[in-house]
file entry33.tsv (TSV, C-alpha atoms and all ligand atoms)
chain	number	residue	atom	x	y	z
V	30	MET	CA	109.17	81.67	86.41
V	31	SER	CA	111.28	84.06	84.34
V	32	ASP	CA	110.28	87.69	84.20
V	33	ILE	CA	110.85	88.09	80.49
V	34	VAL	CA	110.46	84.64	78.93
V	35	PRO	CA	106.89	84.05	77.72
V	36	HIS	CA	104.98	82.10	80.32
V	37	LYS	CA	103.23	79.75	77.98
V	38	ASP	CA	105.15	76.54	77.60
V	39	SER	CA	104.23	76.13	73.95
V	40	ILE	CA	102.68	78.29	71.28
V	41	LEU	CA	100.99	76.00	68.79
V	42	HIS	CA	98.95	78.57	66.93
V	43	LYS	CA	99.42	82.13	65.70
V	44	GLY	CA	96.13	83.76	66.52
V	45	ARG	CA	93.11	82.49	68.42
V	46	LEU	CA	91.76	78.96	68.66
V	47	ARG	CA	88.15	80.11	68.72
V	48	LYS	CA	86.22	83.15	67.50
V	49	PHE	CA	82.71	84.44	68.01
V	50	ARG	CA	80.01	83.20	65.63
V	51	SER	CA	79.34	86.77	64.55
V	52	LYS	CA	80.87	90.12	65.35
V	53	ALA	CA	80.83	90.81	69.08
V	54	LYS	CA	79.47	94.22	70.13
V	55	GLU	CA	79.50	94.50	73.87
V	56	ILE	CA	80.46	92.79	77.12
V	57	VAL	CA	78.34	93.34	80.22
V	58	PHE	CA	80.06	92.67	83.54
V	59	VAL	CA	78.21	91.84	86.74
V	60	PRO	CA	80.33	91.50	89.89
V	61	GLU	CA	80.80	87.89	91.01
V	62	GLU	CA	79.20	86.51	87.85
V	63	ARG	CA	80.46	85.56	84.43
V	64	ALA	CA	80.31	88.42	81.95
V	65	THR	CA	77.88	88.24	79.03
V	66	VAL	CA	78.95	88.87	75.44
V	67	PHE	CA	76.39	90.29	73.00
V	68	LEU	CA	76.85	89.44	69.32
V	69	SER	CA	75.65	91.43	66.33
V	70	ASP	CA	73.40	88.55	65.17
V	71	GLY	CA	71.28	89.05	68.29
V	72	ASN	CA	72.73	86.10	70.18
V	73	SER	CA	74.50	86.38	73.47
V	74	GLY	CA	76.19	84.08	75.91
V	75	ARG	CA	78.54	83.79	78.82
V	76	ALA	CA	81.94	85.19	77.97
V	77	THR	CA	84.45	82.52	77.14
V	78	CYS	CA	88.18	82.23	76.49
V	79	LEU	CA	89.09	82.36	72.81
V	80	GLY	CA	92.53	80.84	73.44
V	81	CYS	CA	94.56	83.73	72.07
V	82	HIS	CA	98.24	82.96	71.70
V	83	ASP	CA	99.40	86.40	72.84
V	84	ALA	CA	97.23	86.05	75.97
V	85	PRO	CA	96.96	89.69	77.09
V	86	CYS	CA	95.62	88.32	80.37
V	87	ILE	CA	99.11	86.96	81.10
V	88	GLU	CA	101.56	89.36	79.49
V	89	LEU	CA	101.90	93.02	78.59
V	90	THR	CA	103.41	93.69	75.19
V	91	GLU	CA	106.83	95.30	74.90
V	92	GLY	CA	105.12	98.37	73.41
V	93	GLU	CA	102.97	98.74	76.50
V	94	LEU	CA	106.06	98.78	78.70
V	95	SER	CA	107.78	101.49	76.67
V	96	LEU	CA	107.21	105.16	77.43
V	97	GLY	CA	109.09	106.22	74.30
V	98	GLY	CA	111.34	109.20	73.61
V	99	THR	CA	113.87	110.22	76.23
V	100	LEU	CA	111.79	108.45	78.88
V	101	GLY	CA	112.82	105.15	77.28
V	102	ALA	CA	116.08	105.54	79.21
V	103	PHE	CA	114.22	105.11	82.51
V	104	PRO	CA	115.39	101.80	84.03
V	105	GLY	CA	111.94	100.31	84.50
V	106	ASP	CA	111.07	96.79	85.61
V	107	PRO	CA	111.29	94.71	82.38
V	108	SER	CA	108.82	92.08	83.61
V	109	ARG	CA	105.84	91.73	81.30
V	110	ASP	CA	103.78	89.91	83.92
V	111	VAL	CA	100.20	91.09	84.23
V	112	CYS	CA	99.72	89.23	87.48
V	113	PRO	CA	101.59	90.77	90.41
V	114	THR	CA	101.76	87.42	92.22
V	115	ASN	CA	102.55	85.06	89.33
V	116	ALA	CA	99.25	83.29	89.80
V	117	ILE	CA	98.36	82.85	86.12
V	118	ASP	CA	100.03	80.81	83.40
V	119	TRP	CA	99.13	78.93	80.26
V	120	ASN	CA	97.48	75.52	80.32
V	121	SER	CA	98.35	73.81	77.03
V	122	ALA	CA	95.91	70.97	77.57
V	123	GLU	CA	92.95	73.37	77.75
V	124	ALA	CA	94.47	76.03	75.49
V	125	ALA	CA	93.47	78.59	78.08
V	126	PRO	CA	95.05	80.32	81.05
V	127	ARG	CA	95.14	78.55	84.39
V	128	ILE	CA	94.97	80.40	87.71
V	129	ASP	CA	96.55	79.18	90.93
V	130	PRO	CA	93.89	79.94	93.57
V	131	ASP	CA	96.48	79.89	96.34
V	132	ALA	CA	98.54	82.65	94.69
V	133	CYS	CA	95.66	84.76	93.29
V	134	VAL	CA	94.90	87.83	95.41
V	135	GLY	CA	91.85	88.77	93.31
V	136	CYS	CA	93.12	92.07	91.93
V	137	GLY	CA	91.27	91.49	88.65
V	138	LEU	CA	94.11	92.67	86.40
V	139	CYS	CA	94.01	89.52	84.26
V	140	ALA	CA	90.24	89.92	83.89
V	141	LEU	CA	90.54	93.58	82.90
V	142	ARG	CA	93.21	92.70	80.35
V	143	CYS	CA	91.16	89.98	78.63
V	144	PRO	CA	89.54	91.58	75.58
V	145	TYR	CA	86.64	89.10	75.72
V	146	GLY	CA	85.57	89.16	79.37
V	147	ALA	CA	86.51	85.50	79.86
V	148	ILE	CA	87.86	85.97	83.38
V	149	ASN	CA	85.78	87.13	86.32
V	150	LEU	CA	86.17	87.48	90.07
V	151	ASN	CA	84.02	84.82	91.73
V	152	ASP	CA	82.17	85.20	95.01
V	153	ASP	CA	85.33	84.17	96.87
V	154	GLY	CA	87.10	87.12	95.22
V	155	MET	CA	89.40	84.87	93.16
V	156	ALA	CA	89.81	85.04	89.40
V	157	THR	CA	88.31	82.20	87.36
V	158	VAL	CA	88.61	81.53	83.64
V	159	GLU	CA	85.62	80.38	81.60
V	160	ALA	CA	87.14	78.02	79.05
V	161	THR	CA	84.15	75.86	78.11
V	162	ASP	CA	81.86	78.12	76.04
V	163	PRO	CA	78.67	76.86	77.78
V	164	ASP	CA	76.34	78.79	75.44
V	165	GLY	CA	78.03	77.86	72.16
V	166	ILE	CA	78.81	81.40	71.03
V	167	THR	CA	82.17	80.54	69.41
V	168	VAL	CA	83.40	78.45	66.48
V	169	HIS	CA	86.77	76.87	65.82
V	170	ALA	CA	89.30	79.32	64.37
V	171	VAL	CA	92.88	78.11	64.54
V	172	ASP	CA	94.23	80.81	62.27
V	173	ASP	CA	92.27	83.86	63.45
V	174	SER	CA	95.14	86.30	63.86
V	175	ALA	CA	93.09	89.49	63.45
V	176	PRO	CA	93.87	92.14	66.09
V	177	HIS	CA	91.83	91.92	69.28
V	178	GLU	CA	88.53	93.71	69.03
V	179	LYS	CA	87.82	96.58	71.40
V	180	LEU	CA	84.36	95.70	72.65
V	181	ARG	CA	82.24	98.19	74.54
V	182	ARG	CA	82.30	97.36	78.26
V	183	GLN	CA	79.41	97.94	80.61
V	184	GLY	CA	78.99	97.26	84.32
V	185	ALA	CA	81.84	96.65	86.72
V	186	LEU	CA	84.23	93.83	87.52
V	187	GLY	CA	83.82	94.26	91.27
V	188	THR	CA	82.47	96.57	93.94
V	189	PRO	CA	84.00	98.27	97.00
V	190	ARG	CA	82.83	95.20	98.94
V	191	THR	CA	84.65	92.69	96.75
V	192	LEU	CA	87.29	90.93	98.82
V	193	PHE	CA	90.41	92.38	97.20
V	194	ALA	CA	89.12	95.96	97.32
V	195	ARG	CA	88.06	95.91	100.95
V	196	SER	CA	91.17	94.09	102.15
V	197	LEU	CA	93.68	95.97	99.98
V	198	PRO	CA	95.71	97.47	102.87
V	199	ILE	CA	96.20	93.96	104.29
V	200	VAL	CA	97.04	92.53	100.86
V	201	LEU	CA	99.61	95.29	100.30
V	202	GLU	CA	101.18	94.62	103.66
V	203	ALA	CA	101.69	90.97	102.73
V	204	MET	CA	103.04	91.73	99.25
V	205	THR	CA	106.72	91.97	98.40
V	206	ASP	CA	107.90	95.33	97.08
V	207	THR	CA	108.11	93.86	93.60
V	208	GLU	CA	104.53	92.57	93.74
V	209	ALA	CA	103.19	95.91	94.99
V	210	THR	CA	105.13	97.79	92.32
V	211	ARG	CA	103.75	95.58	89.54
V	212	LEU	CA	100.26	95.90	90.93
V	213	ALA	CA	100.54	99.70	90.76
V	214	ARG	CA	102.13	99.67	87.29
V	215	ASN	CA	99.50	97.38	85.86
V	216	LEU	CA	96.57	99.19	87.48
V	217	PHE	CA	97.79	102.32	85.72
V	218	ALA	CA	98.13	100.35	82.47
V	219	VAL	CA	94.50	99.16	82.54
V	220	THR	CA	93.28	102.68	83.29
V	221	GLY	CA	94.95	103.92	80.11
V	222	VAL	CA	98.15	105.34	81.60
V	223	ALA	CA	101.44	103.93	80.29
V	224	ALA	CA	103.63	103.26	83.31
V	225	SER	CA	107.19	102.21	83.95
V	226	MET	CA	108.15	101.45	87.53
V	227	ARG	CA	111.62	100.77	88.81
V	228	ARG	CA	112.25	97.61	90.72
V	229	LYS	CA	112.25	98.46	94.39
V	230	GLY	CA	115.83	98.32	95.60
V	231	ASP	CA	117.27	99.53	92.27
V	232	THR	CA	119.51	102.39	93.39
V	233	ASN	CA	120.38	103.68	89.90
V	234	ILE	CA	117.44	106.05	89.87
V	235	ARG	CA	115.67	107.85	92.68
V	236	MET	CA	112.07	108.12	91.52
V	237	ASP	CA	109.81	105.07	91.74
V	238	GLY	CA	108.17	105.39	88.36
V	239	LEU	CA	107.05	107.40	85.38
V	240	LEU	CA	103.64	107.73	83.79
V	241	ARG	CA	102.61	108.91	80.37
V	242	PHE	CA	99.03	110.15	80.13
V	243	SER	CA	97.35	110.21	76.74
V	244	SER	CA	97.30	114.03	77.02
V	245	GLY	CA	101.12	113.92	76.81
V	246	GLN	CA	101.58	114.91	80.46
V	247	ILE	CA	104.34	113.01	82.26
V	248	GLY	CA	103.73	111.79	85.77
V	249	ILE	CA	106.44	111.05	88.27
V	250	VAL	CA	105.56	108.53	90.92
V	251	GLU	CA	106.57	108.00	94.50
V	252	LEU	CA	105.04	104.71	95.62
V	253	GLU	CA	104.48	104.17	99.33
V	254	THR	CA	102.09	101.41	100.21
V	255	GLY	CA	103.03	101.25	103.90
V	256	ALA	CA	102.71	103.72	106.72
V	257	SER	CA	105.60	106.07	105.76
V	258	VAL	CA	103.81	108.34	103.31
V	259	LEU	CA	105.21	111.52	104.78
V	260	GLU	CA	108.39	111.53	102.74
V	261	SER	CA	106.54	111.13	99.45
V	262	PRO	CA	105.81	114.83	98.59
V	263	ARG	CA	109.37	115.88	99.47
V	264	ALA	CA	110.80	113.10	97.32
V	265	LEU	CA	108.61	114.24	94.43
V	266	LEU	CA	110.37	117.61	94.45
V	267	GLU	CA	113.72	115.90	93.92
V	268	ASP	CA	112.16	113.75	91.19
V	269	ILE	CA	110.95	116.85	89.33
V	270	ALA	CA	114.50	118.18	89.25
V	271	VAL	CA	115.84	114.83	87.94
V	272	LEU	CA	113.12	114.44	85.31
V	273	HIS	CA	113.65	117.97	84.04
V	274	GLY	CA	117.46	117.90	84.27
V	275	ARG	CA	118.23	114.38	83.01
V	276	PHE	CA	115.26	113.55	80.80
V	277	GLY	CA	114.60	117.02	79.43
V	278	VAL	CA	110.88	117.08	80.32
V	279	ALA	CA	109.46	120.61	80.56
V	280	ARG	CA	108.45	121.50	84.10
V	281	SER	CA	104.93	122.43	82.94
V	282	ASP	CA	104.39	118.89	81.59
V	283	ILE	CA	105.33	117.15	84.85
V	284	ILE	CA	102.61	115.88	87.21
V	285	PRO	CA	103.96	114.73	90.59
V	286	VAL	CA	101.91	111.82	91.95
V	287	SER	CA	102.11	110.09	95.32
V	288	VAL	CA	100.72	106.57	95.01
V	289	ILE	CA	99.85	105.36	98.49
V	290	GLY	CA	97.90	102.56	100.14
V	291	SER	CA	95.65	104.70	102.35
V	292	LEU	CA	95.29	108.42	103.02
V	293	PRO	CA	96.81	109.38	106.34
V	294	ASN	CA	94.86	110.97	109.16
V	295	VAL	CA	94.13	114.70	108.62
V	296	ARG	CA	96.42	115.65	111.46
V	297	VAL	CA	99.43	114.08	109.76
V	298	GLU	CA	101.88	116.58	108.26
V	299	TYR	CA	101.48	115.05	104.79
V	300	TYR	CA	98.73	117.49	103.83
V	301	GLN	CA	100.59	120.48	105.25
V	302	VAL	CA	103.72	119.63	103.22
V	303	ILE	CA	101.62	119.41	100.06
V	304	ASP	CA	100.03	122.79	100.86
V	305	ASP	CA	103.45	124.33	101.51
V	306	ILE	CA	104.84	123.02	98.23
V	307	GLU	CA	101.94	124.51	96.31
V	308	ASN	CA	101.98	127.83	98.18
V	309	VAL	CA	105.71	128.39	97.95
V	310	LEU	CA	106.74	126.63	94.73
V	311	ASP	CA	103.46	126.62	92.78
V	312	ILE	CA	103.74	122.86	92.28
V	313	ARG	CA	100.58	120.86	92.81
V	314	CYS	CA	101.31	117.35	94.08
V	315	ARG	CA	98.60	114.75	93.46
V	316	THR	CA	97.65	111.76	95.55
V	317	VAL	CA	96.23	108.48	94.32
V	318	THR	CA	95.44	105.58	96.62
V	319	MET	CA	95.68	102.00	95.44
V	320	GLY	CA	92.02	101.55	96.38
V	321	LEU	CA	91.06	104.48	94.16
V	322	LEU	CA	93.07	103.06	91.27
V	323	CYS	CA	91.47	99.66	91.76
V	324	MET	CA	87.94	101.07	91.69
V	325	ILE	CA	88.66	103.18	88.58
V	326	ALA	CA	90.04	100.06	86.87
V	327	TRP	CA	87.15	97.80	87.91
V	328	ASN	CA	84.68	100.36	86.55
V	329	PHE	CA	86.58	100.68	83.25
V	330	GLY	CA	87.46	104.32	83.90
V	331	LYS	CA	90.33	105.88	81.95
V	332	ILE	CA	92.72	108.52	83.26
V	333	ASP	CA	93.58	110.51	80.15
V	334	GLU	CA	94.93	113.60	81.86
V	335	VAL	CA	95.36	115.20	85.26
V	336	ASN	CA	94.18	118.79	85.49
V	337	GLY	CA	92.41	121.14	87.89
V	338	ASN	CA	91.52	119.53	91.19
V	339	THR	CA	91.87	115.93	90.04
V	340	PHE	CA	93.52	113.81	92.74
V	341	THR	CA	94.23	116.79	94.98
V	342	THR	CA	94.50	116.87	98.76
V	343	VAL	CA	94.41	120.39	100.16
V	344	SER	CA	94.69	120.85	103.91
V	345	GLY	CA	93.32	117.36	104.41
V	346	GLU	CA	90.34	117.92	102.09
V	347	THR	CA	90.59	115.47	99.23
V	348	ASP	CA	89.07	115.51	95.80
V	349	LEU	CA	89.62	111.79	95.31
V	350	TYR	CA	85.95	110.82	95.47
V	351	ARG	CA	84.98	113.61	93.05
V	352	SER	CA	87.84	112.51	90.80
V	353	ILE	CA	86.57	108.94	90.56
V	354	VAL	CA	83.00	110.08	89.94
V	355	ALA	CA	84.23	112.24	87.06
V	356	LEU	CA	86.15	109.30	85.58
V	357	CYS	CA	83.55	106.59	86.05
V	358	LEU	CA	80.31	108.56	85.57
V	359	SER	CA	78.09	107.02	88.24
V	360	PHE	CA	79.66	105.75	91.39
V	361	ALA	CA	78.37	104.69	94.79
V	362	ASP	CA	79.57	106.83	97.69
V	363	GLU	CA	81.26	103.90	99.40
V	364	GLU	CA	84.93	103.49	100.17
V	365	PRO	CA	86.41	100.03	99.83
V	366	TYR	CA	88.33	100.71	103.08
V	367	PRO	CA	88.90	103.73	105.34
V	368	GLY	CA	91.42	106.07	103.73
V	369	ALA	CA	90.76	105.00	100.14
V	370	TYR	CA	89.08	108.32	99.21
V	371	ARG	CA	88.97	110.35	102.41
V	372	PRO	CA	91.36	110.75	105.33
V	373	PRO	CA	90.20	108.55	108.19
V	374	LYS	CA	88.87	110.46	111.17
Y	401	LIG	S1	91.43	84.61	78.99
Y	401	LIG	FE1	91.08	86.21	77.46
Y	401	LIG	S2	93.08	87.12	77.02
Y	401	LIG	FE2	93.42	85.18	78.09
Y	401	LIG	S3	93.74	83.70	76.44
Y	401	LIG	FE3	91.59	83.63	76.98
Y	401	LIG	S4	90.56	85.08	75.61
Y	401	LIG	FE4	92.77	85.51	75.51
Y	402	LIG	S1	93.14	88.35	89.69
Y	402	LIG	FE1	95.14	89.35	89.98
Y	402	LIG	S2	96.22	87.97	91.36
Y	402	LIG	FE2	94.54	86.77	90.51
Y	402	LIG	S3	95.41	85.74	88.72
Y	402	LIG	FE3	94.46	87.67	88.01
Y	402	LIG	S4	96.14	89.13	87.98
Y	402	LIG	FE4	96.79	87.41	89.28

call {"tool": "encode", "arguments": {"input": "entry33.tsv", "output": "structure tokens", "more": "lines below"}}
Ligand code: SF4
Ligand code: SF4
result
Amino acid sequence: MSDIVPHKDSILHKGRLRKFRSKAKEIVFVPEERATVFLSDGNSGRATCLGCHDAPCIELTEGELSLGGTLGAFPGDPSRDVCPTNAIDWNSAEAAPRIDPDACVGCGLCALRCPYGAINLNDDGMATVEATDPDGITVHAVDDSAPHEKLRRQGALGTPRTLFARSLPIVLEAMTDTEATRLARNLFAVTGVAASMRRKGDTNIRMDGLLRFSSGQIGIVELETGASVLESPRALLEDIAVLHGRFGVARSDIIPVSVIGSLPNVRVEYYQVIDDIENVLDIRCRTVTMGLLCMIAWNFGKIDEVNGNTFTTVSGETDLYRSIVALCLSFADEEPYPGAYRPPK
């Protein structure tokens, strides 16, 4: 499957094949169940695929991949794939996406990207598409090319106990570098942060990725999903110099971010290096685990800006749990896996 050719084998319509009978107001998600869509006429029903030709569940738009301005020169991965493992494509016969259960790792990105809640994570942790409209809440609409509605979202796509979340370190270990990089990029995208990540192995640029927060802050990313997280804070220092020198970003606008699989043990030098960098250079490096990103995304949290103690690790004390509570309002004090929010003992 090509990275940049649209994945649907034919596009027979311009907009959506179906639309809701009346204006949709809200989608309520319940983990392991189909979401419910509430309509303004008082009716409701199980969320269903509207058959939209641009299929945001399958592809990002070019605009979403662009960071704009001088950052546009960053040689990011041009793939528009939403799915990090190429598990979703278009089924012309059903005019709906089709998911390969053998390739799906259950990350939920396709579900989070669907504007209508038509994909959920089932009790096996795999994504499934509802394409049958069992409650009759839609009507035929071949030419409905209106922009996608932004419906209010309640509930959560999954919990810390959902298969993907609790087995994330194992999933990451089995992923190729490209898959892990796309997973990180797209998790940022669904949490409201525009991201461009270089293909792993591309030696033209040192840093792993760039982020643009809606506040205008620019994040630089070092991505380390394996055990070697120690080098990440040091590499961020070099990245700051490159971003300032080559891309002209003011030092005060740069947020250095280590994106890692799991927090290392408190005794590991990682925390000391971060402390040293802050004490000596007055640069505050941030840490985000993939598990934290996943839980923010599944709870529809948005990361608009990074200030104060958000995503900090100081001398082994982390503010990751407090950060997610602030972003997602109410949140159970449960880690999906050891090291997702707190350094393992
Ligand atoms: S699953 Fe959602 S985003 Fe994908 S085609 Fe159907 S309605 Fe559109
Ligand atoms: S849940 Fe993740 S892995 Fe599965 S099809 Fe959707 S995007 Fe792909």

call {"tool": "closest_atom_pairs", "arguments": {"input": "entry33.tsv", "of": "chain V", "to": "ligand LIG 401 (chain Y)", "cutoff": "6 Å", "atoms": "only C-alpha atoms and all ligand atoms", "output": "tab-separated table"}}
result
residue	atom	partner	partner_atom	distance
V:Cys78	CA	Y:LIG401	FE3	3.7
V:Leu79	CA	Y:LIG401	S4	4.2
V:Gly80	CA	Y:LIG401	S3	4.3
V:Cys81	CA	Y:LIG401	FE4	4.3
V:Ala84	CA	Y:LIG401	S3	4.2
V:Pro85	CA	Y:LIG401	S2	4.7
V:Cys86	CA	Y:LIG401	S2	4.4
V:Ala125	CA	Y:LIG401	S3	5.4
V:Pro126	CA	Y:LIG401	S3	5.9
V:Cys143	CA	Y:LIG401	S2	3.8
V:Pro144	CA	Y:LIG401	S2	5.9
V:Tyr145	CA	Y:LIG401	FE1	5.6
V:Ala147	CA	Y:LIG401	S1	5.1
V:Ile148	CA	Y:LIG401	S1	5.8

call {"tool": "residues_near_point", "arguments": {"input": "entry33.tsv", "point": "(88.3, 93.5, 99.1)", "cutoff": "10 Å", "atoms": "only C-alpha atoms", "output": "list in words"}}
result
Val134, Gly135, Cys136, Gly154, Gly187, Thr188, Pro189, Arg190, Thr191, Leu192, Phe193, Ala194, Arg195, Ser196, Leu197, Pro198, Ile199, Val200, Gly320, Pro365 and Tyr366 of chain V

call {"tool": "atom_distance", "arguments": {"input": "entry33.tsv", "atom1": "atom CA of V:Thr254", "atom2": "atom CA of V:Gly277"}}
result
28.8 Å

call {"tool": "residues_around", "arguments": {"input": "entry33.tsv", "residues": "V:Arg142", "least_positions_apart": "5", "cutoff": "12 Å", "atoms": "only C-alpha atoms", "output": "number ranges by chain"}}
result
V: 83-90, 110-112, 136-137, 147-149, 177, 179, 186, 215-221, 326-327, 329

call {"tool": "closest_residue", "arguments": {"input": "entry33.tsv", "among": "V:Asp153, V:Glu178, V:Glu159, V:Glu93", "to": "V:Glu123", "atoms": "all atoms listed in the file"}}
result
V:Glu159

call {"tool": "closest_residue", "arguments": {"input": "entry33.tsv", "among": "V:Ser121, V:Gly184, V:Leu138, V:Phe340", "to": "V:Glu61", "atoms": "all atoms listed in the file"}}
result
V:Gly184

call {"tool": "residues_around", "arguments": {"input": "entry33.tsv", "residues": "V:Gly92", "least_positions_apart": "5", "cutoff": "12 Å", "atoms": "all atoms listed in the file", "output": "tab-separated table (two decimals) with C-alpha atoms, in the coordinates of the input"}}
result
chain	number	residue	atom	x	y	z
V	97	GLY	CA	109.09	106.22	74.30
V	101	GLY	CA	112.82	105.15	77.28
V	107	PRO	CA	111.29	94.71	82.38
V	109	ARG	CA	105.84	91.73	81.30
V	218	ALA	CA	98.13	100.35	82.47
V	223	ALA	CA	101.44	103.93	80.29
V	224	ALA	CA	103.63	103.26	83.31
V	225	SER	CA	107.19	102.21	83.95

call {"tool": "residues_near_point", "arguments": {"input": "entry33.tsv", "point": "(114.4, 116.3, 75.5)", "cutoff": "8 Å", "atoms": "all atoms listed in the file", "output": "MDAnalysis selection string"}}
result
chainID V and resid 98:99 276:278

call {"tool": "write_last_selection", "arguments": {"input": "entry33.tsv", "atoms": "C-alpha atoms", "output": "PDB file, keeping the file's coordinate frame"}}
result
ATOM      1  CA  GLY V  98     111.340 109.200  73.610  1.00  0.00           C
ATOM      2  CA  THR V  99     113.870 110.220  76.230  1.00  0.00           C
ATOM      3  CA  PHE V 276     115.260 113.550  80.800  1.00  0.00           C
ATOM      4  CA  GLY V 277     114.600 117.020  79.430  1.00  0.00           C
ATOM      5  CA  VAL V 278     110.880 117.080  80.320  1.00  0.00           C
TER       6      VAL V 278
END

call {"tool": "closest_residue", "arguments": {"input": "entry33.tsv", "among": "V:Ala209, V:Val168, V:Val335, V:Leu180", "to": "ligand LIG 402 (chain Y)", "atoms": "all atoms listed in the file"}}
result
V:Ala209

call {"tool": "atom_distance", "arguments": {"input": "entry33.tsv", "atom1": "atom CA of V:Ala369", "atom2": "atom CA of V:Ser291"}}
result
5.4 Å

call {"tool": "atom_distance", "arguments": {"input": "entry33.tsv", "atom1": "atom CA of V:Phe58", "atom2": "atom CA of V:Glu202"}}
result
29.2 Å

call {"tool": "residues_around", "arguments": {"input": "entry33.tsv", "residues": "V:Asp305", "least_positions_apart": "4", "cutoff": "12 Å", "atoms": "all atoms listed in the file", "output": "ChimeraX atom specification"}}
result
/V:262-263,266,298-301,309-314,342-344

call {"tool": "residues_around", "arguments": {"input": "entry33.tsv", "residues": "V:Arg181", "least_positions_apart": "4", "cutoff": "8 Å", "atoms": "all atoms listed in the file", "output": "MDAnalysis selection string"}}
result
chainID V and resid 54:56

call {"tool": "closest_residue", "arguments": {"input": "entry33.tsv", "among": "V:Ala53, V:Ala355, V:Ala156, V:Ala185", "to": "ligand LIG 402 (chain Y)", "atoms": "all atoms listed in the file"}}
result
V:Ala156

call {"tool": "residues_around", "arguments": {"input": "entry33.tsv", "residues": "V:Cys133", "least_positions_apart": "5", "cutoff": "10 Å", "atoms": "all atoms listed in the file", "output": "PyMOL selection string"}}
result
chain V and resi 112-117+128+154-157

call {"tool": "write_last_selection", "arguments": {"input": "entry33.tsv", "atoms": "C-alpha atoms", "output": "PDB file, keeping the file's coordinate frame"}}
result
ATOM      1  CA  CYS V 112      99.720  89.230  87.480  1.00  0.00           C
ATOM      2  CA  PRO V 113     101.590  90.770  90.410  1.00  0.00           C
ATOM      3  CA  THR V 114     101.760  87.420  92.220  1.00  0.00           C
ATOM      4  CA  ASN V 115     102.550  85.060  89.330  1.00  0.00           C
ATOM      5  CA  ALA V 116      99.250  83.290  89.800  1.00  0.00           C
ATOM      6  CA  ILE V 117      98.360  82.850  86.120  1.00  0.00           C
ATOM      7  CA  ILE V 128      94.970  80.400  87.710  1.00  0.00           C
ATOM      8  CA  GLY V 154      87.100  87.120  95.220  1.00  0.00           C
ATOM      9  CA  MET V 155      89.400  84.870  93.160  1.00  0.00           C
ATOM     10  CA  ALA V 156      89.810  85.040  89.400  1.00  0.00           C
ATOM     11  CA  THR V 157      88.310  82.200  87.360  1.00  0.00           C
TER      12      THR V 157
END

call {"tool": "closest_residue", "arguments": {"input": "entry33.tsv", "among": "V:Ala170, V:Ala76, V:Val317, V:Val158", "to": "ligand LIG 402 (chain Y)", "atoms": "only C-alpha atoms and all ligand atoms"}}
result
V:Val158

call {"tool": "closest_residue", "arguments": {"input": "entry33.tsv", "among": "V:Leu201, V:Leu239, V:Asp131, V:Lys52", "to": "V:Leu96", "atoms": "all atoms listed in the file"}}
result
V:Leu239

call {"tool": "decode", "arguments": {"input": "entry33.tsv", "residues": "stretch 50-87 of chain V", "atoms": "C-alpha atoms", "output": "PDB file, in the first residue's frame"}}
result
ATOM      1  CA  ARG V  50     -32.156  12.323   9.925  1.00  0.00           C
ATOM      2  CA  SER V  51     -31.789  15.550  11.883  1.00  0.00           C
ATOM      3  CA  LYS V  52     -28.877  17.550  13.191  1.00  0.00           C
ATOM      4  CA  ALA V  53     -26.638  15.455  15.427  1.00  0.00           C
ATOM      5  CA  LYS V  54     -25.719  17.025  18.790  1.00  0.00           C
ATOM      6  CA  GLU V  55     -23.599  14.639  20.764  1.00  0.00           C
ATOM      7  CA  ILE V  56     -21.845  11.280  20.739  1.00  0.00           C
ATOM      8  CA  VAL V  57     -21.550   9.298  23.954  1.00  0.00           C
ATOM      9  CA  PHE V  58     -18.772   6.708  24.067  1.00  0.00           C
ATOM     10  CA  VAL V  59     -18.778   3.707  26.376  1.00  0.00           C
ATOM     11  CA  PRO V  60     -15.659   1.516  26.324  1.00  0.00           C
ATOM     12  CA  GLU V  61     -16.174  -1.789  24.495  1.00  0.00           C
ATOM     13  CA  GLU V  62     -19.599  -0.762  23.220  1.00  0.00           C
ATOM     14  CA  ARG V  63     -20.859   1.057  20.170  1.00  0.00           C
ATOM     15  CA  ALA V  64     -21.142   4.801  20.688  1.00  0.00           C
ATOM     16  CA  THR V  65     -24.583   6.427  20.763  1.00  0.00           C
ATOM     17  CA  VAL V  66     -25.439   9.473  18.660  1.00  0.00           C
ATOM     18  CA  PHE V  67     -28.070  11.902  19.973  1.00  0.00           C
ATOM     19  CA  LEU V  68     -30.034  13.884  17.388  1.00  0.00           C
ATOM     20  CA  SER V  69     -31.717  17.246  17.852  1.00  0.00           C
ATOM     21  CA  ASP V  70     -35.166  15.749  17.117  1.00  0.00           C
ATOM     22  CA  GLY V  71     -34.883  13.718  20.330  1.00  0.00           C
ATOM     23  CA  ASN V  72     -33.985  10.461  18.609  1.00  0.00           C
ATOM     24  CA  SER V  73     -30.803   8.578  19.216  1.00  0.00           C
ATOM     25  CA  GLY V  74     -29.172   5.426  17.973  1.00  0.00           C
ATOM     26  CA  ARG V  75     -25.990   3.466  17.681  1.00  0.00           C
ATOM     27  CA  ALA V  76     -23.347   5.423  15.823  1.00  0.00           C
ATOM     28  CA  THR V  77     -23.001   4.355  12.235  1.00  0.00           C
ATOM     29  CA  CYS V  78     -20.683   5.000   9.299  1.00  0.00           C
ATOM     30  CA  LEU V  79     -21.914   7.735   6.976  1.00  0.00           C
ATOM     31  CA  GLY V  80     -19.629   6.582   4.151  1.00  0.00           C
ATOM     32  CA  CYS V  81     -17.682   9.815   3.792  1.00  0.00           C
ATOM     33  CA  HIS V  82     -15.446   9.916   0.745  1.00  0.00           C
ATOM     34  CA  ASP V  83     -12.587  11.713   2.514  1.00  0.00           C
ATOM     35  CA  ALA V  84     -12.684   9.065   5.270  1.00  0.00           C
ATOM     36  CA  PRO V  85     -10.817  10.859   8.080  1.00  0.00           C
ATOM     37  CA  CYS V  86     -10.627   7.469   9.781  1.00  0.00           C
ATOM     38  CA  ILE V  87      -8.181   6.367   7.057  1.00  0.00           C
TER      39      ILE V  87
END
